$ cat protein.txt   # compact mmCIF, C-alpha atoms and all ligand atoms
# COMPACT_ATOMS: atom_id res chain seq x y z
CA MET A 1150 62.28 -19.00 -17.36
CA LEU A 1151 62.12 -15.43 -16.00
CA HIS A 1152 59.02 -13.47 -15.04
CA ILE A 1153 58.69 -9.74 -14.71
CA SER A 1154 56.58 -8.35 -11.91
CA LEU A 1155 54.23 -5.62 -13.07
CA TYR A 1156 54.14 -4.40 -9.50
CA ASN A 1157 57.84 -3.50 -9.00
CA LYS A 1158 59.27 -4.22 -12.50
CA HIS A 1159 61.74 -6.77 -11.08
CA TRP A 1160 62.70 -9.97 -12.83
CA TYR A 1161 62.10 -13.22 -10.91
CA THR A 1162 63.01 -16.85 -11.56
CA ASN A 1163 60.23 -19.38 -11.93
CA SER A 1164 60.44 -20.60 -8.31
CA GLN A 1165 60.71 -17.05 -6.91
CA PHE A 1166 57.65 -16.10 -8.95
CA LYS A 1167 55.71 -19.13 -7.65
CA THR A 1168 56.52 -18.15 -4.05
CA LEU A 1169 55.44 -14.56 -4.68
CA LYS A 1170 52.16 -15.78 -6.18
CA LYS A 1171 51.54 -18.07 -3.19
CA TYR A 1172 51.96 -15.19 -0.73
CA ALA A 1173 49.78 -12.92 -2.83
CA GLU A 1174 47.01 -15.59 -2.68
CA LEU A 1175 47.49 -15.92 1.09
CA ARG A 1176 47.17 -12.15 1.52
CA LYS A 1177 43.88 -12.22 -0.42
CA ASP A 1178 42.46 -14.76 2.06
CA HIS A 1179 43.71 -12.78 5.02
CA PRO A 1180 40.91 -11.99 7.54
CA ARG A 1181 41.73 -8.29 7.23
CA HIS A 1182 40.82 -8.42 3.52
CA SER A 1183 37.52 -10.23 4.06
CA MET A 1184 36.70 -7.83 6.90
CA THR A 1185 37.32 -4.81 4.64
CA LYS A 1186 35.21 -6.45 1.93
CA GLY A 1187 32.43 -7.10 4.48
CA ILE A 1188 32.45 -3.50 5.72
CA LEU A 1189 32.42 -2.20 2.14
CA MET A 1190 29.48 -4.44 1.17
CA LYS A 1191 27.60 -3.35 4.30
CA LEU A 1192 28.22 0.30 3.40
CA ILE A 1193 27.03 -0.17 -0.20
CA ARG A 1194 23.93 -2.06 1.00
CA ASN A 1195 23.24 0.73 3.51
CA ILE A 1196 23.54 3.52 0.93
CA LEU A 1197 21.39 1.63 -1.60
CA GLY A 1198 18.85 0.77 1.09
CA LYS A 1199 18.56 4.40 2.18
CA ALA A 1200 18.16 5.52 -1.46
CA ILE A 1201 15.35 2.99 -1.95
CA LEU A 1202 13.62 4.13 1.25
CA PHE A 1203 13.93 7.75 0.12
CA PHE A 1204 12.41 6.87 -3.28
CA ASP A 1205 9.69 4.88 -1.54
CA SER A 1206 8.65 7.72 0.75
CA THR A 1207 8.92 10.40 -1.96
CA PHE A 1208 6.88 8.44 -4.49
CA ALA A 1209 4.58 6.63 -2.10
CA PRO A 1210 1.66 4.87 -3.84
CA THR A 1211 -1.83 6.28 -3.39
CA PRO A 1212 -3.97 3.88 -1.36
CA VAL A 1213 -7.26 2.74 -2.92
CA LYS A 1214 -10.30 4.18 -1.19
CA ARG A 1215 -13.06 1.94 0.15
CA SER A 1216 -16.26 2.52 2.01
CA PRO A 1217 -15.89 1.87 5.77
CA GLU A 1218 -17.88 -1.35 5.33
CA ALA A 1219 -15.67 -2.58 2.45
CA GLN A 1220 -12.54 -1.67 4.42
CA ALA A 1221 -13.81 -3.54 7.47
CA LEU A 1222 -14.41 -6.60 5.27
CA MET A 1223 -10.92 -6.31 3.84
CA ASP A 1224 -9.40 -5.95 7.32
CA GLU A 1225 -11.16 -9.14 8.31
CA LYS A 1226 -9.69 -10.89 5.27
CA THR A 1227 -6.14 -9.79 6.13
CA GLN A 1228 -6.16 -10.25 9.89
CA ASN A 1229 -4.69 -13.75 9.47
CA LEU A 1230 -1.68 -12.39 7.58
CA ALA A 1231 1.72 -11.20 8.80
CA LEU A 1232 4.64 -10.06 6.68
CA TYR A 1233 8.14 -11.00 7.84
CA GLN A 1234 10.42 -8.36 6.42
CA TYR A 1235 13.48 -6.12 6.75
CA HIS A 1236 13.10 -2.37 6.73
CA MET A 1237 15.76 -1.78 4.05
CA CYS A 1238 15.26 -4.84 1.83
CA PRO A 1239 14.22 -3.75 -1.70
CA PHE A 1240 12.00 -6.83 -2.17
CA CYS A 1241 10.23 -5.99 1.09
CA VAL A 1242 9.78 -2.38 -0.04
CA LYS A 1243 8.14 -3.78 -3.19
CA VAL A 1244 5.63 -5.79 -1.13
CA ARG A 1245 5.06 -2.96 1.36
CA ARG A 1246 4.23 -0.66 -1.57
CA THR A 1247 1.60 -3.16 -2.74
CA ILE A 1248 0.19 -3.30 0.79
CA THR A 1249 0.00 0.52 0.88
CA ARG A 1250 -1.50 0.77 -2.62
CA LEU A 1251 -4.14 -1.86 -1.86
CA ASN A 1252 -4.79 -0.21 1.52
CA LEU A 1253 -4.35 -3.41 3.51
CA ASN A 1254 -3.85 -3.72 7.23
CA ILE A 1255 -1.19 -6.39 7.49
CA GLU A 1256 1.06 -6.78 10.51
CA LEU A 1257 4.72 -6.15 9.64
CA ARG A 1258 7.22 -8.30 11.55
CA ASP A 1259 10.81 -7.08 11.61
CA ALA A 1260 12.84 -10.25 11.07
CA LYS A 1261 16.14 -8.37 11.41
CA GLY A 1262 15.61 -6.42 14.60
CA ASP A 1263 13.52 -9.01 16.44
CA ASP A 1264 15.09 -12.40 17.20
CA THR A 1265 11.72 -14.03 17.90
CA PHE A 1266 10.49 -13.21 14.41
CA ALA A 1267 13.85 -14.16 12.87
CA ASN A 1268 13.70 -17.59 14.57
CA GLU A 1269 10.05 -18.15 13.64
CA LEU A 1270 10.88 -17.40 10.02
CA LEU A 1271 13.82 -19.81 9.98
CA ASN A 1272 12.34 -22.64 12.05
CA GLU A 1273 8.71 -22.54 10.95
CA GLY A 1274 9.00 -20.99 7.51
CA GLY A 1275 12.02 -23.06 6.57
CA LYS A 1276 14.49 -20.41 5.48
CA LYS A 1277 15.77 -17.01 6.52
CA GLN A 1278 14.60 -15.05 3.51
CA VAL A 1279 12.39 -11.98 3.40
CA PRO A 1280 9.81 -10.96 2.43
CA CYS A 1281 7.71 -13.88 3.62
CA LEU A 1282 3.98 -13.82 4.18
CA ARG A 1283 2.64 -15.94 7.02
CA ILE A 1284 -0.89 -17.09 6.27
CA ASN A 1285 -2.84 -18.42 9.20
CA ASN A 1286 -5.56 -20.60 7.64
CA ALA A 1287 -9.03 -21.04 9.11
CA ASP A 1288 -8.34 -24.74 9.80
CA GLY A 1289 -5.34 -23.83 11.98
CA THR A 1290 -2.69 -24.71 9.42
CA VAL A 1291 -0.07 -22.15 8.48
CA ASN A 1292 1.45 -21.35 5.09
CA TRP A 1293 4.72 -19.49 4.64
CA MET A 1294 4.76 -17.73 1.30
CA TYR A 1295 8.17 -16.61 0.02
CA GLU A 1296 9.07 -14.51 -3.06
CA SER A 1297 7.93 -10.90 -3.43
CA ASP A 1298 6.22 -11.51 -6.80
CA THR A 1299 4.23 -14.45 -5.44
CA ILE A 1300 3.18 -12.45 -2.38
CA ASN A 1301 2.15 -9.47 -4.50
CA GLN A 1302 0.08 -11.70 -6.79
CA TYR A 1303 -1.58 -13.27 -3.75
CA LEU A 1304 -2.44 -9.85 -2.29
CA GLU A 1305 -3.80 -8.66 -5.64
CA SER A 1306 -6.00 -11.75 -5.95
CA LEU A 1307 -7.19 -11.33 -2.37
CA THR A 1308 -8.42 -7.82 -3.03
CA ALA A 1309 -9.67 -8.35 -6.61
CA ALA A 1310 -13.09 -9.56 -5.48
CA GLY A 1311 -13.53 -7.08 -2.66
CA LYS A 1312 -12.44 -3.76 -4.19
N1 LIG A 1401 13.69 -13.44 -4.99
C1 LIG A 1401 13.44 -13.02 -3.64
C2 LIG A 1401 14.68 -12.32 -3.12
C3 LIG A 1401 14.56 -11.97 -1.64
C4 LIG A 1401 15.92 -11.65 -1.02
O1 LIG A 1401 16.99 -11.78 -1.65
N2 LIG A 1401 15.90 -11.20 0.21
C5 LIG A 1401 17.11 -10.96 0.95
C6 LIG A 1401 17.04 -9.61 1.66
S1 LIG A 1401 17.00 -8.26 0.53
C7 LIG A 1401 17.26 -12.01 2.04
O2 LIG A 1401 16.29 -12.42 2.63
N3 LIG A 1401 18.49 -12.43 2.30
C8 LIG A 1401 18.77 -13.37 3.36
C9 LIG A 1401 19.30 -12.71 4.60
O3 LIG A 1401 19.42 -11.49 4.63
O4 LIG A 1401 19.57 -13.44 5.55
C10 LIG A 1401 12.20 -12.14 -3.62
O5 LIG A 1401 11.86 -11.54 -4.67
O6 LIG A 1401 11.53 -12.06 -2.57

$ encode --input "protein.txt" --output "structure tokens"
Amino acid sequence: MLHISLYNKHWYTNSQFKTLKKYAELRKDHPRHSMTKGILMKLIRNILGKAILFFDSTFAPTPVKRSPEAQALMDEKTQNLALYQYHMCPFCVKVRRTITRLNLNIELRDAKGDDTFANELLNEGGKKQVPCLRINNADGTVNWMYESDTINQYLESLTAAGK
């Protein structure tokens, strides 16, 4: 049986065609290809990340206003919280927007740029995924809350009573 190559329009026998296919597969797995793919993905992520940050700063949410007393109470409620996050992660932007809108003072911990925070997240939280809210309970126990929607719901519920 003969095969025609769409690449150079040559005819090949079955075994020649099999060899060609094998080398084409090998080329695909070549480190140079995965490196190019990696660089491209990084570039796309970077461009998208910057676009999201631009959108975020241009259409920043308006923070709720509280009396100084109510704000002080809220600050007390949130002093046991810390958000592990990446600057350019869209899910982190989502949570940061909630924090801004609800006018909360929550410590932001950069889990990309700071190895200590990255290790804490992985070793104590259980996985390297952001955003993650660290909740330091009154009894000394710690909860690690993952998932942006869950965190946002938690923050909403926290502020619902004290608005
Ligand atoms: N469903 C999750 C998705 C979070 C997610 O995919 N985060 C990415 C960053 S944008 C992550 O942590 N990836 C692991 C890593 O970068 O090591 C959420 O809504 O929070």

$ residues_near_ligand --input "protein.txt" --ligand "ligand LIG 1401 (chain A)" --cutoff "10 Å" --atoms "all atoms listed in the file" --output "MDAnalysis selection string"
chainID A and resid 1194 1198 1233:1244 1260:1261 1267 1271 1276:1281 1294:1301

$ write_last_selection --input "protein.txt" --atoms "C-alpha atoms" --output "CSV table (one decimal), keeping the file's coordinate frame"
chain,number,residue,atom,x,y,z
A,1194,ARG,CA,23.9,-2.1,1.0
A,1198,GLY,CA,18.8,0.8,1.1
A,1233,TYR,CA,8.1,-11.0,7.8
A,1234,GLN,CA,10.4,-8.4,6.4
A,1235,TYR,CA,13.5,-6.1,6.8
A,1236,HIS,CA,13.1,-2.4,6.7
A,1237,MET,CA,15.8,-1.8,4.0
A,1238,CYS,CA,15.3,-4.8,1.8
A,1239,PRO,CA,14.2,-3.8,-1.7
A,1240,PHE,CA,12.0,-6.8,-2.2
A,1241,CYS,CA,10.2,-6.0,1.1
A,1242,VAL,CA,9.8,-2.4,0.0
A,1243,LYS,CA,8.1,-3.8,-3.2
A,1244,VAL,CA,5.6,-5.8,-1.1
A,1260,ALA,CA,12.8,-10.2,11.1
A,1261,LYS,CA,16.1,-8.4,11.4
A,1267,ALA,CA,13.8,-14.2,12.9
A,1271,LEU,CA,13.8,-19.8,10.0
A,1276,LYS,CA,14.5,-20.4,5.5
A,1277,LYS,CA,15.8,-17.0,6.5
A,1278,GLN,CA,14.6,-15.0,3.5
A,1279,VAL,CA,12.4,-12.0,3.4
A,1280,PRO,CA,9.8,-11.0,2.4
A,1281,CYS,CA,7.7,-13.9,3.6
A,1294,MET,CA,4.8,-17.7,1.3
A,1295,TYR,CA,8.2,-16.6,0.0
A,1296,GLU,CA,9.1,-14.5,-3.1
A,1297,SER,CA,7.9,-10.9,-3.4
A,1298,ASP,CA,6.2,-11.5,-6.8
A,1299,THR,CA,4.2,-14.4,-5.4
A,1300,ILE,CA,3.2,-12.4,-2.4
A,1301,ASN,CA,2.2,-9.5,-4.5

$ closest_residue --input "protein.txt" --among "A:Arg1246, A:Arg1215, A:Arg1258, A:His1179" --to "Leu1304 of chain A" --atoms "all atoms listed in the file"
A:Arg1246

$ residues_around --input "protein.txt" --residues "Arg1250 of chain A" --least-positions-apart "2" --cutoff "8 Å" --atoms "all atoms listed in the file" --output "list in words"
Pro1210, Thr1211, Pro1212, Val1213, Arg1246, Thr1247, Ile1248, Asn1252 and Leu1253 of chain A

$ atom_distance --input "protein.txt" --atom1 "atom CA of Leu1282 of chain A" --atom2 "atom CA of Leu1232 of chain A"
4.6 Å

$ closest_residue --input "protein.txt" --among "A:Leu1270, A:Met1223, A:Asn1285, A:Asp1264" --to "Ala1309 of chain A" --atoms "all atoms listed in the file"
A:Met1223

$ atom_distance --input "protein.txt" --atom1 "atom CA of Glu1256 of chain A" --atom2 "atom CA of Gln1228 of chain A"
8.0 Å

$ atom_distance --input "protein.txt" --atom1 "atom CA of Thr1308 of chain A" --atom2 "atom CA of Leu1251 of chain A"
7.4 Å

$ residues_around --input "protein.txt" --residues "Ile1153 of chain A" --least-positions-apart "5" --cutoff "10 Å" --atoms "all atoms listed in the file" --output "list in words"
Lys1158, His1159, Trp1160, Tyr1161, Thr1162 and Phe1166 of chain A

$ closest_residue --input "protein.txt" --among "A:Phe1266, A:Asp1259, A:Lys1226, A:Met1184" --to "Asn1286 of chain A" --atoms "only C-alpha atoms"
A:Lys1226

$ build_atoms --input "protein.txt" --residues "segment 1232-1262 of chain A" --atoms "N, CA and C atoms" --output "compact mmCIF listing (two decimals), in the frame of the given file"
# COMPACT_ATOMS: atom_id res chain seq x y z
N LEU A 1232 3.51 -10.11 7.62
CA LEU A 1232 4.64 -10.06 6.68
C LEU A 1232 5.96 -9.98 7.45
N TYR A 1233 6.79 -11.01 7.27
CA TYR A 1233 8.14 -11.00 7.84
C TYR A 1233 9.02 -10.25 6.86
N GLN A 1234 9.70 -9.24 7.34
CA GLN A 1234 10.42 -8.36 6.42
C GLN A 1234 11.57 -7.62 7.10
N TYR A 1235 12.43 -7.01 6.26
CA TYR A 1235 13.48 -6.12 6.75
C TYR A 1235 13.10 -4.72 6.26
N HIS A 1236 13.43 -3.75 7.07
CA HIS A 1236 13.10 -2.37 6.73
C HIS A 1236 13.73 -1.94 5.41
N MET A 1237 15.02 -2.31 5.21
CA MET A 1237 15.76 -1.78 4.05
C MET A 1237 15.87 -2.75 2.89
N CYS A 1238 15.17 -3.86 2.93
CA CYS A 1238 15.26 -4.84 1.83
C CYS A 1238 14.40 -4.36 0.65
N PRO A 1239 14.98 -4.27 -0.55
CA PRO A 1239 14.22 -3.75 -1.70
C PRO A 1239 13.01 -4.61 -2.06
N PHE A 1240 13.13 -5.94 -1.86
CA PHE A 1240 12.00 -6.83 -2.17
C PHE A 1240 10.85 -6.62 -1.17
N CYS A 1241 11.24 -6.27 0.07
CA CYS A 1241 10.23 -5.99 1.09
C CYS A 1241 9.55 -4.66 0.80
N VAL A 1242 10.34 -3.69 0.32
CA VAL A 1242 9.78 -2.38 -0.04
C VAL A 1242 8.73 -2.60 -1.14
N LYS A 1243 9.06 -3.48 -2.09
CA LYS A 1243 8.14 -3.78 -3.19
C LYS A 1243 6.79 -4.29 -2.64
N VAL A 1244 6.86 -5.22 -1.70
CA VAL A 1244 5.63 -5.79 -1.13
C VAL A 1244 4.91 -4.75 -0.26
N ARG A 1245 5.69 -3.98 0.50
CA ARG A 1245 5.06 -2.96 1.36
C ARG A 1245 4.34 -1.93 0.51
N ARG A 1246 4.89 -1.62 -0.66
CA ARG A 1246 4.23 -0.66 -1.57
C ARG A 1246 2.89 -1.22 -2.05
N THR A 1247 2.86 -2.52 -2.32
CA THR A 1247 1.60 -3.16 -2.74
C THR A 1247 0.59 -3.08 -1.59
N ILE A 1248 1.08 -3.35 -0.39
CA ILE A 1248 0.19 -3.30 0.79
C ILE A 1248 -0.40 -1.89 0.95
N THR A 1249 0.47 -0.87 0.76
CA THR A 1249 0.00 0.52 0.88
C THR A 1249 -1.01 0.83 -0.23
N ARG A 1250 -0.64 0.45 -1.47
CA ARG A 1250 -1.50 0.77 -2.62
C ARG A 1250 -2.88 0.11 -2.47
N LEU A 1251 -2.87 -1.14 -1.99
CA LEU A 1251 -4.14 -1.86 -1.86
C LEU A 1251 -4.85 -1.54 -0.54
N ASN A 1252 -4.21 -0.65 0.25
CA ASN A 1252 -4.79 -0.21 1.52
C ASN A 1252 -5.13 -1.39 2.43
N LEU A 1253 -4.13 -2.21 2.69
CA LEU A 1253 -4.35 -3.41 3.51
C LEU A 1253 -3.74 -3.21 4.89
N ASN A 1254 -4.41 -3.75 5.88
CA ASN A 1254 -3.85 -3.72 7.23
C ASN A 1254 -3.22 -5.07 7.52
N ILE A 1255 -1.93 -5.13 7.27
CA ILE A 1255 -1.19 -6.39 7.49
C ILE A 1255 -0.06 -6.12 8.48
N GLU A 1256 0.02 -6.97 9.49
CA GLU A 1256 1.06 -6.78 10.51
C GLU A 1256 2.45 -6.99 9.88
N LEU A 1257 3.35 -6.04 10.13
CA LEU A 1257 4.72 -6.15 9.64
C LEU A 1257 5.60 -6.66 10.78
N ARG A 1258 6.34 -7.73 10.52
CA ARG A 1258 7.22 -8.30 11.55
C ARG A 1258 8.68 -8.14 11.13
N ASP A 1259 9.41 -7.39 11.92
CA ASP A 1259 10.81 -7.08 11.61
C ASP A 1259 11.70 -8.30 11.92
N ALA A 1260 12.05 -9.03 10.88
CA ALA A 1260 12.84 -10.25 11.07
C ALA A 1260 14.33 -9.98 11.22
N LYS A 1261 14.72 -8.71 11.19
CA LYS A 1261 16.14 -8.37 11.41
C LYS A 1261 16.34 -7.90 12.85
N GLY A 1262 15.46 -7.02 13.29
CA GLY A 1262 15.61 -6.42 14.60
C GLY A 1262 15.04 -7.26 15.73
